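Asker: I am attaching a structure below and will ask some questions about it afterwards.
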Amino acid sequence: MDAVLEKVDDDFELKVSEVDAETRPSRAEAEAAVRTLIRWAGDNPSREGLLDTPKRVVKAYEEFFKGYQADPEEILARTFGEVAGYDDMVVLRNIKVESHCEHHMVPVQGTAHVAYMPNGRVVGISKLARIVEAYANRLQTQETMTAQVADAIEKYLQPKGVAVIVDATHQCMTCRGVKHSDVFTITRQFRGVFKEERYERQFWDLIRAQS
Ligand SMILES: Nc1nc2c(ncn2[C@@H]2O[C@H](COP(=O)(O)OP(=O)(O)OP(=O)(O)O)[C@@H](O)[C@H]2O)c(=O)[nH]1
Ligand SMILES: [Zn+2]
């Protein structure tokens, strides 16, 4: 079996990096790969304007793919019980999504709406945005990202229900290939009480509400 895959465990779908320190290429190797791509594009990586480009691209990749270093369990570890008996859904709408498609490695941009029905304790609201980021900042399909966000909240918060909607455009569809602009892809996952029509409807109503 491929050394990289030996790390697969039960938590594979939710977990951290799939490449350990030993199998991860060095920064110099990553920069060399960018120089190869520049030559493949038809340009000269040694000309002045491109000299620092491999360094910049590798640094940008660190930012785009920092989700591999995030640990969803740690993000959701801290919860609060002092909520005066609050027992209704908590909804975050319009969480920015900046991801990259795993087929073409080009941007996927859009918004996520996340709700959960607390089971006594609540989590800091920023942590829900961090969970979206943890999965968006990886190579993704929209379906996988949507399911992973729902799975992580379900597993680590154990709420009465979770709802996740992602609404995004894929540059692999707008800037290349079929070149259809203005196409938004919507994916959704409803778990627990959000499978009930009334809660699903209330969630949709709340995310459509104007501020
Ligand atoms: N289901 C799904 N498909 C995606 C996502 N992002 C990109 N794709 C699609 O992945 C598919 C890859 O298809 P391929 O035929 O292997 O690649 P391709 O020749 O580049 O396809 P075209 O984009 O049609 O030119 C394309 O249809 C993309 O539109 C995503 O998040 N979810
Ligand atoms: Zn793509």
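Ordered as shown in the structure tokens, chains take letters A, B, and onward, while each chain numbers its residues from 1 and ligands are numbered from 1 in the order shown.
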Env of region 49-62 of chain A: 7 Å cut, atoms = only C-alpha atoms, seq-sep filter 3 positions within chain, self excluded. Answer as a compact mmCIF listing (two decimals) with N, CA and C atoms, in the first residue's frame.

Answerer:
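As written to disk, part.txt reads:
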```txt
# COMPACT_ATOMS: atom_id res chain seq x y z
N ALA A 30 8.72 21.75 -3.68
CA ALA A 30 7.47 22.37 -4.12
C ALA A 30 7.78 23.54 -5.07
N GLU A 31 8.80 24.32 -4.74
CA GLU A 31 9.16 25.46 -5.61
C GLU A 31 9.66 24.95 -6.97
N VAL A 34 6.77 24.22 -9.16
CA VAL A 34 6.17 25.42 -9.74
C VAL A 34 6.99 25.88 -10.95
N ARG A 35 8.33 25.80 -10.83
CA ARG A 35 9.17 26.17 -11.98
C ARG A 35 8.84 25.27 -13.17
N PRO A 45 11.15 30.45 -16.22
CA PRO A 45 11.16 30.74 -14.78
C PRO A 45 12.39 31.53 -14.33
N SER A 46 13.39 31.68 -15.19
CA SER A 46 14.59 32.42 -14.80
C SER A 46 14.52 33.90 -15.15
N PHE A 65 -4.30 26.01 1.58
CA PHE A 65 -4.49 24.63 2.06
C PHE A 65 -4.17 24.46 3.54
N LYS A 66 -4.33 25.54 4.29
CA LYS A 66 -4.01 25.45 5.72
C LYS A 66 -5.01 24.57 6.49
```

Asker: Going by DSSP on the backbone, which residues of region 17-120 of chain A come out as helix (DSSP H, G or I)? List them as a PyMOL selection string.

Answerer: chain A and resi 27-41+48-50+53-64+66-69+72-75

Asker: I'd like to know which residues of region 102-177 of chain A are strand (DSSP E or B) (by DSSP, run on the backbone); could you write them as a list of chain:residue names?

Answerer: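 Taking region 102-177 of chain A and keeping strand (DSSP E or B) only, one gets A:Pro107, A:Val108, A:Gln109, A:Gly110, A:Thr111, A:Ala112, A:His113, A:Val114, A:Ala115, A:Tyr116, A:Met117, A:Val122, A:Val123, A:Leu139, A:Gln140, A:Gly161, A:Val162, A:Ala163, A:Val164, A:Ile165, A:Val166, A:Asp167, A:Ala168, A:Thr169, A:His170.
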
Asker: How would you write, as number ranges by chain, the set of residues no farther than 7 Å from ligand 2 when counting only C-alpha atoms and all ligand atoms?

Answerer: A: 101-106, 170-173

Asker: Report as a compact mmCIF listing (two decimals) with C-alpha atoms, in the first residue's frame all protein, DNA and RNA residues lying within 12 Å of region 150-154 of chain A, evaluated on only C-alpha atoms, omitting residues in the same chain fewer than 3 positions from it.

Answerer:
```
# COMPACT_ATOMS: atom_id res chain seq x y z
CA ASP A 11 -11.52 9.34 11.47
CA PHE A 12 -10.07 9.64 7.96
CA GLU A 13 -13.01 11.63 6.62
CA LEU A 14 -12.79 14.21 9.39
CA LYS A 15 -9.13 14.39 10.12
CA VAL A 16 -6.10 16.43 9.60
CA ASP A 71 -8.06 19.83 13.87
CA PRO A 72 -11.90 19.97 13.92
CA GLU A 73 -12.08 18.16 17.27
CA GLU A 74 -9.89 20.82 18.87
CA ILE A 75 -11.86 23.65 17.22
CA LEU A 76 -15.13 22.35 18.71
CA ALA A 77 -13.69 21.28 22.07
CA ALA A 112 -22.07 28.42 3.67
CA HIS A 113 -25.00 28.51 6.05
CA VAL A 114 -24.65 26.38 9.16
CA ALA A 115 -27.17 25.63 11.89
CA TYR A 116 -27.27 23.31 14.84
CA MET A 117 -29.85 22.55 17.49
CA PRO A 118 -27.99 22.63 20.83
CA ASN A 119 -28.26 19.76 23.22
CA VAL A 122 -23.49 25.79 22.86
CA VAL A 123 -20.21 26.39 21.03
CA LYS A 127 -15.84 28.00 15.80
CA LEU A 128 -18.54 27.12 13.27
CA ALA A 129 -16.93 29.47 10.76
CA ARG A 130 -13.56 27.91 11.63
CA ILE A 131 -14.95 24.44 10.91
CA VAL A 132 -16.10 25.59 7.47
CA ALA A 134 -10.90 23.88 8.14
CA TYR A 135 -12.58 21.87 5.38
CA GLU A 143 -20.38 17.58 -1.68
CA THR A 144 -17.49 16.29 0.44
CA MET A 145 -16.95 19.65 2.14
CA THR A 146 -20.65 19.95 2.97
CA ALA A 147 -20.80 16.45 4.45
CA LEU A 157 -20.86 18.70 19.48
CA GLN A 158 -23.46 15.95 19.54
CA PRO A 159 -26.33 18.38 18.99
CA LYS A 160 -29.96 17.43 18.33
CA GLY A 161 -29.46 18.29 14.69
CA VAL A 162 -27.20 19.95 12.12
CA ALA A 163 -27.93 21.69 8.83
CA VAL A 164 -25.33 22.80 6.29
CA ILE A 165 -25.89 24.48 2.94
CA VAL A 166 -23.08 25.52 0.62
CA THR A 187 -25.30 21.29 -1.68
CA ARG A 188 -26.96 20.53 1.61
CA GLN A 189 -26.92 18.14 4.52
CA PHE A 190 -29.65 17.89 7.12
CA ARG A 191 -29.09 15.71 10.15
CA GLY A 192 -31.17 14.90 13.23
CA VAL A 193 -34.13 17.22 13.84
CA PHE A 194 -33.36 19.15 10.65
```

Asker: What does the distance from atom 28 (C, counted along the ligand's line) of ligand 1 to CA of Glu98 (chain A) come to in Å, to one decimal?

Answerer: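 Going from atom 28 (C, counted along the ligand's line) of ligand 1 over to CA of Glu98 (chain A) covers 16.9 Å.
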
Asker: Taking only C-alpha atoms and all ligand atoms into account, which of A:Ala41, A:Ile95, A:Leu139, A:Ala209 comes nearest ligand 1?

Answerer: A:Leu139

Asker: Take atom 7 (C, counted along the ligand's line) of ligand 1 and CA of Thr141 (chain A) and report the distance between them in Å, one decimal.

Answerer: 6.4 Å

Asker: Using only C-alpha atoms and all ligand atoms, which of the listed residues (A:Glu48, A:Asp167, A:Asp43, A:Glu82) sits closest to ligand 1?

Answerer: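 Using only C-alpha atoms and all ligand atoms, ligand 1 sits closest to A:Asp167.
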
Asker: CA of Thr79 (chain A) and CA of Lys155 (chain A) are how many Å apart?

Answerer: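 Pair CA of Thr79 (chain A) / CA of Lys155 (chain A) returns 13.8 Å.
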
Asker: Restricting the calculation to only C-alpha atoms and all ligand atoms, which member of A:Ala33, A:Glu196, A:Gly177, A:Arg138 is positioned closest to ligand 1?

Answerer: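 Distance minimum relative to ligand 1 lands on A:Gly177.
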
Asker: Using only C-alpha atoms and all ligand atoms, which residue out of A:Gln202, A:Gln142, A:Thr185, A:Thr36 lies closest to ligand 1?

Answerer: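 Checking each of A:Gln202, A:Gln142, A:Thr185, A:Thr36 against ligand 1, counting only C-alpha atoms and all ligand atoms, the winner is A:Gln142.
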
Asker: Rank A:Ile207, A:Val183, A:Leu37, A:Leu92 by their smallest atom-to-atom distance to ligand 1, using only C-alpha atoms and all ligand atoms, and report the top residue only.

Answerer: A:Val183
